[in-house]
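Note sheet for the following structure.
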Amino acid sequence: MTPKNLSRSCSVVGALTLSALLLPLSAAHAAAPAPRVTASTADAFGRVADAVFTDRTAALLDTAPKARTALKATTSGIRVPGTLARTETTAVSALHGTRSRLAALGEAYSAADTEVAVNRTRVTGRLATAWVTETTTLTYRRIRGDEPATTGFRAHHVLTFAAQADGTWKLTGERSTDKGPRQINQPVTTKLTKTTMAAVDAPRAATTYPAPANPKTLTGGPYDYAAMATYAETYWKNYNPAYRSFNSVGGDCTNYVSQSLKAGGWATVASSGEEYGTWNYTASTQTDTWVGVNELSWFTQTAHRSTPLANVYQMDVGDVMQMDFDKDGSKDHSMITSYRSGGGVPYLTYHDTDTYRRSLSSLLAAYPNAAYYAYRT
């Protein structure tokens with residue numbers, strides 16, 4: 001496990017609180033003082049979550065807007081109060097802003113598919129909690145002509161419900177449990193509270209497009225950058241069982257990036273006379289630099305394993321990007337470039353939330369006020 005003073009492996013993002021959404025209970029359950037969640041109730045919980053997340057994703061598409069699934073009455077008996085309608089309207093409006101920022105960066109999505117699975121539920125008194133997994137795929141609009149076909153992510157949410165006296169369930173809250181950057185369909189929320197930490201050595205990278213040329217030799221050198229990308233794209237959602245996961249102790253993003261770098265030829269360093277000069281993983285332990293966001297940055301600078309890039313758009317396959325969500329001087333998230341388009345757009349793959357080929361433009365649109373750090377590996 002990571003030491004308590006280890007820097008954040010991936011920062012916890014804010015959550016959008018929903019106001020209220022009513023779902024039917026059976027007559028028997030309505031009369032019972034302590035309601036049960038049956039298979040049909042759990043299915044209804046999942047359909048509610050699917051409707052909400054589908055609406056948010058649809059707000060990012062450049063096609064004509066569709067009817068809002070989560071905000072209309074349906075024959076299934078779902079009733080939506082005005083408080084929820086107002087909350088979700090605000091969320092969708094914020095996502096329209098994300099879509100506009102994407103368009104300005106030369107990116108758009110033409111189609112989307114969202115599926116929600118209910119993993120488990122729990123009832124405590126008259127309160128129910130549902131843990132769900134959202135799997136969303138977005139199709140890139142062919143604008144430059146060199147975009148990959150799709151981007152995808154898997155996100156985890158917790159929904160809470162309260163049983164009502166009239167035999168209905170009321171949705172009282174929804175929050176993300178992932179510790180990486182907010183996904184592209186997650187609205188911008190309250191800014192994180194800043195903390196104090198000494199500035200790191202690596203300089204911030206500019207985010208303007210296009211970037212000055214900074215070509216990278218992908219083959220024939222000491223590292224196999226294609227192998228790094230292949231590893232990242234193989235294990236972006238199906239974790240490699242040969243490694244421990246750190247999702248429950250701060251986040252798995254840097255552990256995953258370290259694995260990818262090692263797959264491409266980075267040698268581990270078990271001992272060093274330099275502070276933050278080691279980088280190692282064994283069956284029973286690992287160095288802070290293997291799993292910590294800031295510690296990995298410090299290691300790459302100390303060991304001369306990387307060179308800071310002046311602009312994030314200069315990243316190529318195998319290069320690493322880190323984000324400081326709230327510009328408090330402490331980096332929060334690590335990710336690796338697994339694809340670069342001919343037009344010069346890097347696509348990032350990462351854990352927390354598990355994501356495949358998310359465009360740099362998408363991250364910049366979702367986090368316009370974050371600090372970005374790019375490393376030539």
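Scheme for the structure tokens: letters A, B, ... for chains in order shown; per-chain residue numbers from 1; ligand numbers from 1 in order shown.
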
Which residues come within 12 Å of Asn240 of chain A, counting only C-alpha atoms, excluding same-chain residues fewer than 3 positions away, as a tab-separated table (two decimals) with N, CA, C and O atoms, in the first residue's frame?
```
chain	number	residue	atom	x	y	z
A	231	TYR	N	0.60	-1.82	-24.80
A	231	TYR	CA	0.32	-2.23	-23.42
A	231	TYR	C	-0.83	-1.40	-22.84
A	231	TYR	O	-1.77	-1.94	-22.25
A	232	ALA	N	-0.74	-0.08	-23.01
A	232	ALA	CA	-1.77	0.81	-22.46
A	232	ALA	C	-3.14	0.47	-23.01
A	232	ALA	O	-4.14	0.44	-22.28
A	233	GLU	N	-3.21	0.22	-24.32
A	233	GLU	CA	-4.51	-0.03	-24.94
A	233	GLU	C	-5.01	-1.46	-24.68
A	233	GLU	O	-6.21	-1.73	-24.81
A	234	THR	N	-4.12	-2.34	-24.28
A	234	THR	CA	-4.53	-3.69	-23.92
A	234	THR	C	-5.15	-3.73	-22.53
A	234	THR	O	-6.13	-4.45	-22.28
A	235	TYR	N	-4.62	-2.92	-21.61
A	235	TYR	CA	-5.03	-3.00	-20.22
A	235	TYR	C	-5.77	-1.76	-19.73
A	235	TYR	O	-5.84	-1.52	-18.53
A	236	TRP	N	-6.36	-0.99	-20.64
A	236	TRP	CA	-7.03	0.24	-20.20
A	236	TRP	C	-8.26	-0.04	-19.34
A	236	TRP	O	-8.58	0.74	-18.44
A	237	LYS	N	-8.96	-1.14	-19.59
A	237	LYS	CA	-10.10	-1.47	-18.73
A	237	LYS	C	-10.00	-2.87	-18.12
A	237	LYS	O	-10.58	-3.12	-17.07
A	243	TYR	N	-0.08	-7.11	-11.80
A	243	TYR	CA	0.17	-5.93	-10.97
A	243	TYR	C	-0.99	-5.69	-10.01
A	243	TYR	O	-2.14	-5.97	-10.32
A	244	ARG	N	-0.68	-5.12	-8.84
A	244	ARG	CA	-1.70	-4.72	-7.90
A	244	ARG	C	-2.41	-3.47	-8.42
A	244	ARG	O	-1.81	-2.64	-9.09
A	245	SER	N	-3.68	-3.34	-8.07
A	245	SER	CA	-4.43	-2.13	-8.39
A	245	SER	C	-4.42	-1.21	-7.18
A	245	SER	O	-4.52	-1.68	-6.04
A	252	ASP	N	-5.11	4.53	-9.51
A	252	ASP	CA	-4.22	3.62	-10.21
A	252	ASP	C	-3.54	4.25	-11.41
A	252	ASP	O	-2.83	3.58	-12.15
A	255	ASN	N	0.45	4.11	-11.44
A	255	ASN	CA	0.85	2.71	-11.49
A	255	ASN	C	0.72	2.17	-12.92
A	255	ASN	O	1.61	1.49	-13.43
A	256	TYR	N	-0.38	2.51	-13.56
A	256	TYR	CA	-0.65	2.06	-14.93
A	256	TYR	C	0.32	2.68	-15.93
A	256	TYR	O	0.83	2.00	-16.83
A	259	GLN	N	3.65	0.94	-15.55
A	259	GLN	CA	3.62	-0.36	-16.23
A	259	GLN	C	3.84	-0.19	-17.73
A	259	GLN	O	4.59	-0.96	-18.35
A	260	SER	N	3.20	0.80	-18.32
A	260	SER	CA	3.32	1.02	-19.77
A	260	SER	C	4.74	1.41	-20.14
A	260	SER	O	5.29	0.93	-21.16
A	263	ALA	N	6.88	-1.60	-20.03
A	263	ALA	CA	6.63	-2.47	-21.18
A	263	ALA	C	7.38	-2.01	-22.41
A	263	ALA	O	7.68	-2.80	-23.31
A	351	HIS	N	-5.97	5.14	-16.57
A	351	HIS	CA	-6.84	4.62	-15.53
A	351	HIS	C	-7.34	5.80	-14.69
A	351	HIS	O	-6.71	6.85	-14.62
```

Quick one: residues within 6 Å of segment 347-349 of chain A, only C-alpha atoms counted, chain neighbours fewer than 4 positions away excluded, as an mmCIF file with C-alpha atoms, in the first residue's frame?
```cif
data_model
loop_
_atom_site.group_PDB
_atom_site.id
_atom_site.type_symbol
_atom_site.label_atom_id
_atom_site.label_comp_id
_atom_site.auth_asym_id
_atom_site.auth_seq_id
_atom_site.Cartn_x
_atom_site.Cartn_y
_atom_site.Cartn_z
ATOM 1 C CA ILE A 336 0.055 8.192 -21.525
ATOM 2 C CA THR A 337 -0.240 9.026 -25.212
ATOM 3 C CA SER A 338 -1.254 5.906 -27.134
ATOM 4 C CA TYR A 339 -2.117 7.511 -30.499
ATOM 5 C CA ARG A 340 -1.271 10.694 -32.380
ATOM 6 C CA THR A 355 -10.328 5.619 -20.633
ATOM 7 C CA TYR A 356 -9.214 4.712 -24.162
ATOM 8 C CA ARG A 357 -7.866 7.251 -26.666
ATOM 9 C CA ARG A 358 -9.348 10.418 -25.229
ATOM 10 C CA SER A 359 -8.230 13.354 -27.301
ATOM 11 C CA LEU A 360 -6.126 16.085 -25.783
#
```

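Pairwise distance (atom CA of Leu363 of chain A, atom CA of Ser93 of chain A) equals 18.0 Å.
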
Inset, instruction - Could you please write out, as a PyMOL selection string, every residue of segment 100-131 of chain A that DSSP assigns to helix (DSSP H, G or I)? - result: chain A and resi 100-104

Inset, instruction - Might you pull out every residue within 7 Å of segment 113-117 of chain A, with only C-alpha atoms counted and same-chain residues fewer than 6 positions away left off, and present them as a ChimeraX atom specification? - result: /A:46,49-50,54,132-138
